[in-house]
>>> print(open('my_file-v9.txt').read())   # compact mmCIF, C-alpha atoms and all ligand atoms
# COMPACT_ATOMS: atom_id res chain seq x y z
CA MET M 9 17.75 2.01 -13.96
CA GLY M 10 18.86 5.24 -15.71
CA GLU M 11 16.09 7.14 -17.51
CA ALA M 12 17.87 6.95 -20.89
CA ASN M 13 18.01 3.14 -21.00
CA ALA M 14 14.94 2.46 -18.85
CA PRO M 15 12.69 -0.37 -20.12
CA PRO M 16 9.26 0.62 -21.46
CA GLU M 17 6.49 1.01 -18.92
CA TRP M 18 4.58 -2.06 -20.17
CA GLN M 19 7.39 -4.23 -18.80
CA ALA M 20 6.19 -3.33 -15.31
CA TYR M 21 2.98 -5.23 -16.13
CA ARG M 22 4.92 -8.25 -17.35
CA LEU M 23 7.10 -8.31 -14.26
CA PHE M 24 4.10 -7.88 -11.98
CA TYR M 25 2.23 -10.75 -13.59
CA ALA M 26 5.31 -13.02 -13.31
CA GLN M 27 5.53 -12.18 -9.59
CA PHE M 28 1.81 -12.84 -9.17
CA ARG M 29 2.39 -16.35 -10.50
CA ARG M 30 5.53 -16.90 -8.42
CA HIS M 31 4.45 -15.27 -5.13
CA PHE M 32 0.65 -15.25 -5.24
CA GLN M 33 0.05 -14.56 -1.55
CA ALA M 34 2.42 -11.58 -1.24
CA THR M 35 1.75 -10.02 -4.67
CA GLY M 36 -2.02 -10.36 -4.50
CA ALA M 37 -2.89 -8.90 -7.91
CA ILE M 38 -2.27 -9.76 -11.54
CA ALA M 39 -1.39 -6.19 -12.51
CA PRO M 40 -0.28 -2.94 -10.90
CA SER M 41 -3.03 -0.58 -9.76
CA GLY M 42 -4.31 1.99 -12.26
CA PRO M 43 -3.90 5.79 -12.07
CA ALA M 44 -7.46 6.40 -10.78
CA LEU M 45 -6.84 4.16 -7.77
CA ALA M 46 -3.45 5.85 -7.22
CA ARG M 47 -5.20 9.24 -7.17
CA ALA M 48 -7.82 8.01 -4.69
CA MET M 49 -5.20 6.39 -2.44
CA THR M 50 -3.08 9.54 -2.26
CA ALA M 51 -5.90 12.12 -2.06
CA PRO M 52 -5.52 12.65 1.74
CA LEU M 53 -1.94 13.91 1.28
CA ALA M 54 -3.24 17.09 -0.33
CA GLN M 55 -5.17 17.98 2.81
CA ALA M 56 -2.14 18.47 5.09
CA PRO M 57 0.44 21.24 5.17
CA GLY M 58 4.12 20.21 5.07
CA PRO M 59 6.52 19.02 6.10
CA ARG M 60 4.82 15.64 5.70
CA ARG M 61 6.15 12.21 6.64
CA VAL M 62 4.75 9.37 4.56
CA LEU M 63 5.18 5.59 4.72
CA GLU M 64 4.32 3.44 1.72
CA ALA M 65 3.82 -0.30 2.35
CA GLY M 66 3.95 -2.83 -0.49
CA ALA M 67 4.95 -0.52 -3.34
CA GLY M 68 5.32 -3.07 -6.16
CA THR M 69 6.33 -1.29 -9.38
CA GLY M 70 5.59 2.09 -7.81
CA VAL M 71 2.21 3.26 -9.10
CA PHE M 72 1.35 4.80 -5.72
CA THR M 73 4.99 5.88 -5.22
CA ARG M 74 4.77 8.02 -8.34
CA ALA M 75 1.49 9.61 -7.20
CA ILE M 76 2.90 10.27 -3.72
CA LEU M 77 6.14 11.82 -5.03
CA ARG M 78 4.18 14.12 -7.34
CA GLN M 79 2.47 15.63 -4.30
CA LEU M 80 5.48 15.90 -2.00
CA GLU M 81 7.42 19.13 -1.57
CA PRO M 82 10.84 20.14 -0.26
CA GLY M 83 11.27 19.00 3.34
CA ASP M 84 8.79 16.11 3.01
CA GLU M 85 9.88 12.49 3.64
CA LEU M 86 8.85 9.17 2.13
CA ASP M 87 9.83 5.72 3.44
CA ILE M 88 8.98 2.85 1.10
CA TYR M 89 8.83 -0.78 2.25
CA GLU M 90 8.79 -3.48 -0.42
CA ILE M 91 9.56 -7.11 0.39
CA ASN M 92 10.13 -8.38 -3.16
CA PRO M 93 13.58 -7.31 -4.45
CA VAL M 94 12.65 -7.66 -8.12
CA PHE M 95 10.55 -4.48 -7.81
CA LEU M 96 13.39 -2.36 -6.44
CA PRO M 97 14.74 -1.08 -9.83
CA TRP M 98 11.25 0.21 -10.61
CA LEU M 99 11.09 2.03 -7.30
CA GLU M 100 14.51 3.58 -7.91
CA ARG M 101 13.20 4.66 -11.30
CA ARG M 102 10.16 6.40 -9.70
CA LYS M 103 12.56 8.28 -7.40
CA GLN M 104 14.67 9.42 -10.33
CA GLU M 105 11.68 10.38 -12.49
CA ALA M 106 10.39 12.55 -9.63
CA ARG M 107 13.88 14.07 -9.06
CA ALA M 108 13.19 13.54 -5.38
CA GLU M 109 16.66 14.40 -4.10
CA ALA M 110 17.04 17.49 -6.30
CA ARG M 111 13.66 18.70 -5.03
CA GLY M 112 14.71 18.28 -1.37
CA ILE M 113 12.50 15.27 -0.68
CA ARG M 114 14.07 12.54 1.44
CA CYS M 115 12.96 9.28 -0.17
CA THR M 116 14.27 5.98 1.25
CA ILE M 117 13.54 2.56 -0.17
CA HIS M 118 13.63 -0.22 2.44
CA PRO M 119 13.94 -3.56 0.63
CA CYS M 120 12.38 -5.61 3.42
CA ASP M 121 9.27 -6.75 5.25
CA LEU M 122 7.13 -3.89 6.56
CA ARG M 123 7.25 -5.60 9.96
CA LEU M 124 10.82 -4.31 10.28
CA ALA M 125 9.61 -0.68 10.24
CA PRO M 126 10.31 1.05 13.55
CA PRO M 127 7.06 1.47 15.54
CA GLY M 128 6.26 4.90 16.96
CA ALA M 129 7.76 6.65 13.94
CA GLY M 130 4.85 9.11 13.88
CA TYR M 131 4.01 9.20 10.18
CA ASP M 132 1.37 11.66 8.96
CA PHE M 133 0.23 9.26 6.25
CA ILE M 134 0.48 5.57 5.45
CA VAL M 135 -0.39 4.42 1.93
CA SER M 136 -0.68 0.64 1.88
CA GLY M 137 -0.81 -1.61 -1.16
CA LEU M 138 -0.50 -4.76 0.95
CA PRO M 139 -2.86 -7.54 -0.23
CA LEU M 140 -4.48 -7.96 3.19
CA ASN M 141 -7.20 -10.25 1.84
CA ASN M 142 -4.52 -12.79 0.91
CA PHE M 143 -2.94 -12.91 4.35
CA PRO M 144 -3.71 -15.18 7.31
CA PRO M 145 -5.97 -13.31 9.79
CA ALA M 146 -3.21 -13.11 12.43
CA LEU M 147 -0.92 -11.38 9.91
CA VAL M 148 -3.70 -8.94 8.93
CA ALA M 149 -4.18 -8.07 12.61
CA GLU M 150 -0.41 -7.64 13.04
CA MET M 151 -0.15 -5.32 10.02
CA LEU M 152 -3.11 -3.19 11.14
CA GLU M 153 -1.68 -2.81 14.64
CA LEU M 154 1.66 -1.88 13.09
CA PHE M 155 -0.05 0.82 11.00
CA ASP M 156 -1.67 2.22 14.14
CA ARG M 157 1.67 2.27 15.97
CA CYS M 158 3.49 3.91 13.04
CA LEU M 159 0.96 6.76 12.59
CA ARG M 160 0.92 9.90 14.68
CA PRO M 161 -2.43 10.55 16.42
CA GLY M 162 -4.67 12.12 13.77
CA GLY M 163 -2.55 10.59 10.98
CA VAL M 164 -4.29 8.88 8.07
CA LEU M 165 -3.99 5.29 6.81
CA SER M 166 -5.16 4.56 3.26
CA TYR M 167 -5.49 0.98 2.07
CA PHE M 168 -7.52 -0.64 -0.67
CA GLU M 169 -9.48 -3.79 -1.36
CA TYR M 170 -10.92 -5.10 -4.59
CA LEU M 171 -14.70 -4.68 -4.60
CA TYR M 172 -16.56 -7.72 -3.25
CA ILE M 173 -13.34 -9.76 -3.43
CA ARG M 174 -13.99 -11.76 -0.26
CA GLU M 175 -17.60 -12.44 -1.19
CA LEU M 176 -16.53 -13.53 -4.66
CA LYS M 177 -13.74 -15.79 -3.43
CA ARG M 178 -16.03 -17.22 -0.77
CA ALA M 179 -18.58 -18.14 -3.43
CA LEU M 180 -15.91 -19.79 -5.59
CA VAL M 181 -13.74 -21.69 -3.12
CA ARG M 182 -14.76 -25.08 -1.79
CA ASP M 183 -11.97 -25.50 0.74
CA PRO M 184 -13.55 -24.95 4.21
CA ALA M 185 -10.21 -23.77 5.63
CA GLU M 186 -9.94 -21.04 2.96
CA ARG M 187 -13.54 -19.98 3.61
CA ALA M 188 -12.83 -19.77 7.32
CA ARG M 189 -9.71 -17.68 6.59
CA LEU M 190 -11.72 -15.23 4.47
CA ASP M 191 -14.36 -14.89 7.20
CA ALA M 192 -11.72 -14.32 9.85
CA VAL M 193 -9.97 -11.65 7.71
CA ALA M 194 -13.33 -9.90 7.25
CA THR M 195 -13.88 -9.91 11.01
CA VAL M 196 -10.41 -8.43 11.69
CA LEU M 197 -10.84 -5.69 9.07
CA GLN M 198 -14.36 -4.79 10.20
CA ALA M 199 -13.26 -4.56 13.84
CA PHE M 200 -10.38 -2.27 12.83
CA LEU M 201 -12.68 -0.05 10.76
CA ALA M 202 -15.18 0.13 13.64
CA ARG M 203 -12.41 1.49 15.92
CA HIS M 204 -11.51 4.34 13.56
CA ARG M 205 -13.13 7.32 11.93
CA HIS M 206 -13.08 6.38 8.25
CA HIS M 207 -14.52 6.91 4.80
CA SER M 208 -14.39 4.86 1.61
CA GLN M 209 -14.02 5.83 -2.04
CA THR M 210 -15.12 3.44 -4.78
CA VAL M 211 -12.85 3.38 -7.83
CA ALA M 212 -14.76 1.68 -10.64
CA CYS M 213 -12.09 2.62 -13.18
CA ASN M 214 -9.52 0.06 -12.00
CA LEU M 215 -8.91 -3.53 -12.98
CA PRO M 216 -10.52 -4.99 -10.96
CA PRO M 217 -12.70 -2.21 -9.46
CA ALA M 218 -11.55 -1.31 -5.97
CA VAL M 219 -12.43 0.64 -2.88
CA ALA M 220 -9.91 2.92 -1.18
CA ARG M 221 -10.40 3.18 2.58
CA HIS M 222 -9.09 6.14 4.55
CA LEU M 223 -8.87 5.81 8.36
CA THR M 224 -7.78 8.41 10.89
CA ARG M 225 -5.76 7.25 13.88
CA ASN M 226 -7.55 8.10 17.11
CA ALA M 227 -5.96 10.91 19.05
CA VAL M 228 -6.08 8.84 22.26
CA ALA M 229 -4.74 5.57 20.78
CA ALA M 230 -1.96 4.02 22.86
CA ASP M 231 1.58 3.77 21.42
C1 LIG O 1 -1.13 -5.83 -4.52
S1 LIG O 1 0.63 -5.46 -4.71
C2 LIG O 1 0.47 -3.69 -4.73
C3 LIG O 1 1.57 -3.00 -5.49
C4 LIG O 1 1.33 -1.52 -5.78
N1 LIG O 1 1.14 -0.76 -4.56
C5 LIG O 1 0.13 -1.36 -6.67
O1 LIG O 1 -0.94 -1.00 -6.14
O2 LIG O 1 0.26 -1.57 -7.89
C6 LIG O 1 1.24 -5.83 -3.09
C7 LIG O 1 2.72 -5.53 -2.85
O3 LIG O 1 3.01 -5.73 -1.44
C8 LIG O 1 4.29 -6.34 -1.32
N2 LIG O 1 4.34 -6.97 0.01
C9 LIG O 1 3.64 -8.07 0.41
N3 LIG O 1 3.91 -8.36 1.69
C10 LIG O 1 4.78 -7.41 2.13
C11 LIG O 1 5.42 -7.15 3.38
N4 LIG O 1 5.22 -7.94 4.44
N5 LIG O 1 6.24 -6.08 3.49
C12 LIG O 1 6.46 -5.26 2.41
N6 LIG O 1 5.88 -5.47 1.20
C13 LIG O 1 5.06 -6.51 1.05
C14 LIG O 1 4.34 -7.31 -2.51
O4 LIG O 1 5.64 -7.72 -2.82
C15 LIG O 1 3.67 -6.46 -3.59
O5 LIG O 1 4.63 -5.69 -4.28
>>> encode(input="my_file-v9.txt", output="structure tokens")
Amino acid sequence: MGEANAPPEWQAYRLFYAQFRRHFQATGAIAPSGPALARAMTAPLAQAPGPRRVLEAGAGTGVFTRAILRQLEPGDELDIYEINPVFLPWLERRKQEARAEARGIRCTIHPCDLRLAPPGAGYDFIVSGLPLNNFPPALVAEMLELFDRCLRPGGVLSYFEYLYIRELKRALVRDPAERARLDAVATVLQAFLARHRHHSQTVACNLPPAVARHLTRNAVAAD
């Protein structure tokens, strides 16, 4: 997607909504995240000196990608994993807008499942847009373990959830199996949080309001 003939930005919303309807479980939201959530999700990057190695999981139309690339400097690296190929032109566009290559930033888009990422890669940061609350609990556990194995000790994982989303869904759904899934996902996420030093940042100015969670990988965690 060259910049001269690039479609207007609002088309990212249209595409996202179409994918939400087609692939509800993997897309997990009706619209891309807003800029305030992107700022919160990428805030930890500013705290580390370069060169920095960053992994982005579930990039969609690249709202977080853009915020990450703005912060990166020559010598930094970004690996992006996005499973849905329809989003790839938008991710290429973010790369071009940021002039990543010209600025000496190695930015690679991996059009595949995050589970194909090599473990033990030792990233300094992981920024995840994966819709964990939509996944089966075993997949949530698998993704969280993968994050731990991909981070260097002391590295930071940032992921987000919509505020009170599980509680809300739980109140609305009647299917006992779906309620049990939501409870099991909550248990997996809470256990993971309890094992890590973490802090949360509420972002009211997002549709829907969200909370960004930032976790530090334990220095003694096993590879
Ligand atoms: C809630 S959207 C977030 C998109 C973007 N980060 C944002 O905040 O606007 C979740 C994204 O994760 C992607 N995704 C879901 N499962 C994935 C997987 N196993 N590996 C890589 N990407 C995945 C979806 O295709 C979708 O683009």
>>> atom_distance(input="my_file-v9.txt", atom1="atom CA of Cys115 of chain M", atom2="atom CA of Lys103 of chain M")
7.3 Å
>>> residues_near_point(input="my_file-v9.txt", point="(-6.4, -8.4, 5.0)", cutoff="9 Å", atoms="only C-alpha atoms", output="list in words")
Leu138, Pro139, Leu140, Asn141, Asn142, Phe143, Pro144, Pro145, Leu147, Val148, Ala149, Met151, Leu152, Glu169, Leu190, Val193, Ala194, Val196 and Leu197 of chain M
>>> residues_near_point(input="my_file-v9.txt", point="(-13.8, 1.1, 12.5)", cutoff="12 Å", atoms="all atoms listed in the file", output="list in words")
Leu152, Thr195, Val196, Leu197, Gln198, Ala199, Phe200, Leu201, Ala202, Arg203, His204, Arg205, His206, His207, Ser208, Arg221, His222, Leu223, Thr224, Arg225 and Asn226 of chain M
>>> residues_near_ligand(input="my_file-v9.txt", ligand="ligand LIG 1 (chain O)", cutoff="9 Å", atoms="all atoms listed in the file", output="VMD selection string")
chain M and resid 24 27 to 28 31 33 to 42 45 to 46 64 to 73 88 to 95 118 to 124 135 to 140 143 147 151 168
>>> atom_distance(input="my_file-v9.txt", atom1="atom CA of Gly83 of chain M", atom2="atom CA of Gly128 of chain M")
20.2 Å
>>> closest_residue(input="my_file-v9.txt", among="M:Ala227, M:Leu77, M:Arg178, M:Ala44", to="Leu215 of chain M", atoms="all atoms listed in the file")
M:Ala44
>>> residues_around(input="my_file-v9.txt", residues="Ala179 of chain M", least_positions_apart="6", cutoff="12 Å", atoms="all atoms listed in the file", output="list in words")
Tyr172, Ile173, Glu186, Arg187, Leu190 and Asp191 of chain M
>>> atom_distance(input="my_file-v9.txt", atom1="atom CA of Thr116 of chain M", atom2="atom CA of Glu100 of chain M")
9.5 Å
>>> closest_residue(input="my_file-v9.txt", among="M:Ile76, M:Asn13, M:Arg182, M:Arg174", to="Ala106 of chain M", atoms="all atoms listed in the file")
M:Ile76
>>> closest_atom_pairs(input="my_file-v9.txt", of="segment 50-93 of chain M", to="segment 159-162 of chain M", cutoff="12 Å", atoms="only C-alpha atoms", output="JSON lines")
{"residue": "M:Ala56", "atom": "CA", "partner": "M:Gly162", "partner_atom": "CA", "distance": 11.0}
{"residue": "M:Arg60", "atom": "CA", "partner": "M:Arg160", "partner_atom": "CA", "distance": 11.3}
{"residue": "M:Arg61", "atom": "CA", "partner": "M:Leu159", "partner_atom": "CA", "distance": 9.6}
{"residue": "M:Val62", "atom": "CA", "partner": "M:Leu159", "partner_atom": "CA", "distance": 9.3}
{"residue": "M:Leu63", "atom": "CA", "partner": "M:Leu159", "partner_atom": "CA", "distance": 9.0}
{"residue": "M:Glu64", "atom": "CA", "partner": "M:Leu159", "partner_atom": "CA", "distance": 11.9}
>>> closest_residue(input="my_file-v9.txt", among="M:Pro15, M:Gly130, M:Pro184, M:Pro43", to="Gly163 of chain M", atoms="only C-alpha atoms")
M:Gly130
>>> closest_residue(input="my_file-v9.txt", among="M:Asp132, M:Leu171, M:Lys177, M:Arg157", to="Arg189 of chain M", atoms="all atoms listed in the file")
M:Lys177
>>> residues_around(input="my_file-v9.txt", residues="Pro52 of chain M", least_positions_apart="2", cutoff="9 Å", atoms="only C-alpha atoms", output="list in words")
Ala48, Met49, Thr50, Ala54, Gln55, Ala56, Phe133, Val164, Ser166 and His222 of chain M
>>> closest_residue(input="my_file-v9.txt", among="M:Pro57, M:Pro97, M:Pro16, M:Pro82", to="Glu109 of chain M", atoms="only C-alpha atoms")
M:Pro82
>>> decode(input="my_file-v9.txt", residues="segment 151-219 of chain M", atoms="C-alpha atoms", output="tab-separated table (two decimals), in the first residue's frame")
chain	number	residue	atom	x	y	z
M	151	MET	CA	-0.09	-17.87	25.09
M	152	LEU	CA	0.93	-16.63	28.54
M	153	GLU	CA	3.62	-19.30	28.86
M	154	LEU	CA	4.83	-18.39	25.38
M	155	PHE	CA	5.10	-14.73	26.42
M	156	ASP	CA	7.17	-15.75	29.44
M	157	ARG	CA	9.47	-17.88	27.29
M	158	CYS	CA	9.90	-15.13	24.67
M	159	LEU	CA	10.83	-12.39	27.18
M	160	ARG	CA	14.28	-11.92	28.63
M	161	PRO	CA	14.37	-11.97	32.45
M	162	GLY	CA	13.28	-8.48	33.54
M	163	GLY	CA	11.51	-7.92	30.20
M	164	VAL	CA	8.01	-6.44	30.20
M	165	LEU	CA	4.76	-7.86	28.81
M	166	SER	CA	1.89	-5.43	28.19
M	167	TYR	CA	-1.57	-6.74	27.38
M	168	PHE	CA	-5.03	-5.26	27.73
M	169	GLU	CA	-8.54	-6.26	28.66
M	170	TYR	CA	-11.79	-4.37	28.33
M	171	LEU	CA	-12.96	-3.17	31.73
M	172	TYR	CA	-15.29	-5.63	33.48
M	173	ILE	CA	-15.66	-7.58	30.22
M	174	ARG	CA	-15.78	-11.01	31.85
M	175	GLU	CA	-18.20	-9.88	34.53
M	176	LEU	CA	-20.42	-8.28	31.90
M	177	LYS	CA	-20.39	-11.30	29.60
M	178	ARG	CA	-20.98	-13.60	32.55
M	179	ALA	CA	-24.07	-11.60	33.51
M	180	LEU	CA	-25.40	-11.72	29.94
M	181	VAL	CA	-24.69	-15.26	28.78
M	182	ARG	CA	-26.96	-18.14	29.71
M	183	ASP	CA	-24.87	-20.95	28.28
M	184	PRO	CA	-23.26	-22.75	31.26
M	185	ALA	CA	-20.31	-23.86	29.11
M	186	GLU	CA	-19.53	-20.25	28.16
M	187	ARG	CA	-19.81	-19.17	31.80
M	188	ALA	CA	-17.43	-21.94	32.81
M	189	ARG	CA	-15.00	-20.84	30.08
M	190	LEU	CA	-15.05	-17.24	31.33
M	191	ASP	CA	-14.41	-18.38	34.91
M	192	ALA	CA	-11.55	-20.62	33.81
M	193	VAL	CA	-9.95	-17.79	31.76
M	194	ALA	CA	-10.20	-15.51	34.83
M	195	THR	CA	-8.45	-18.15	36.95
M	196	VAL	CA	-5.62	-18.56	34.40
M	197	LEU	CA	-5.08	-14.79	34.09
M	198	GLN	CA	-5.19	-14.20	37.84
M	199	ALA	CA	-2.69	-16.99	38.49
M	200	PHE	CA	-0.34	-15.50	35.87
M	201	LEU	CA	-0.65	-12.01	37.37
M	202	ALA	CA	0.00	-13.40	40.86
M	203	ARG	CA	3.31	-14.90	39.62
M	204	HIS	CA	4.59	-11.57	38.26
M	205	ARG	CA	5.36	-8.10	39.47
M	206	HIS	CA	2.75	-6.00	37.67
M	207	HIS	CA	0.79	-2.78	37.53
M	208	SER	CA	-2.38	-1.77	35.69
M	209	GLN	CA	-3.40	1.43	33.95
M	210	THR	CA	-7.07	2.20	33.35
M	211	VAL	CA	-7.82	3.85	29.99
M	212	ALA	CA	-11.32	5.30	30.19
M	213	CYS	CA	-10.88	7.11	26.87
M	214	ASN	CA	-11.19	4.00	24.70
M	215	LEU	CA	-14.18	2.30	23.15
M	216	PRO	CA	-14.87	0.28	25.22
M	217	PRO	CA	-12.84	1.47	28.25
M	218	ALA	CA	-9.89	-0.80	28.89
M	219	VAL	CA	-7.14	-1.62	31.33
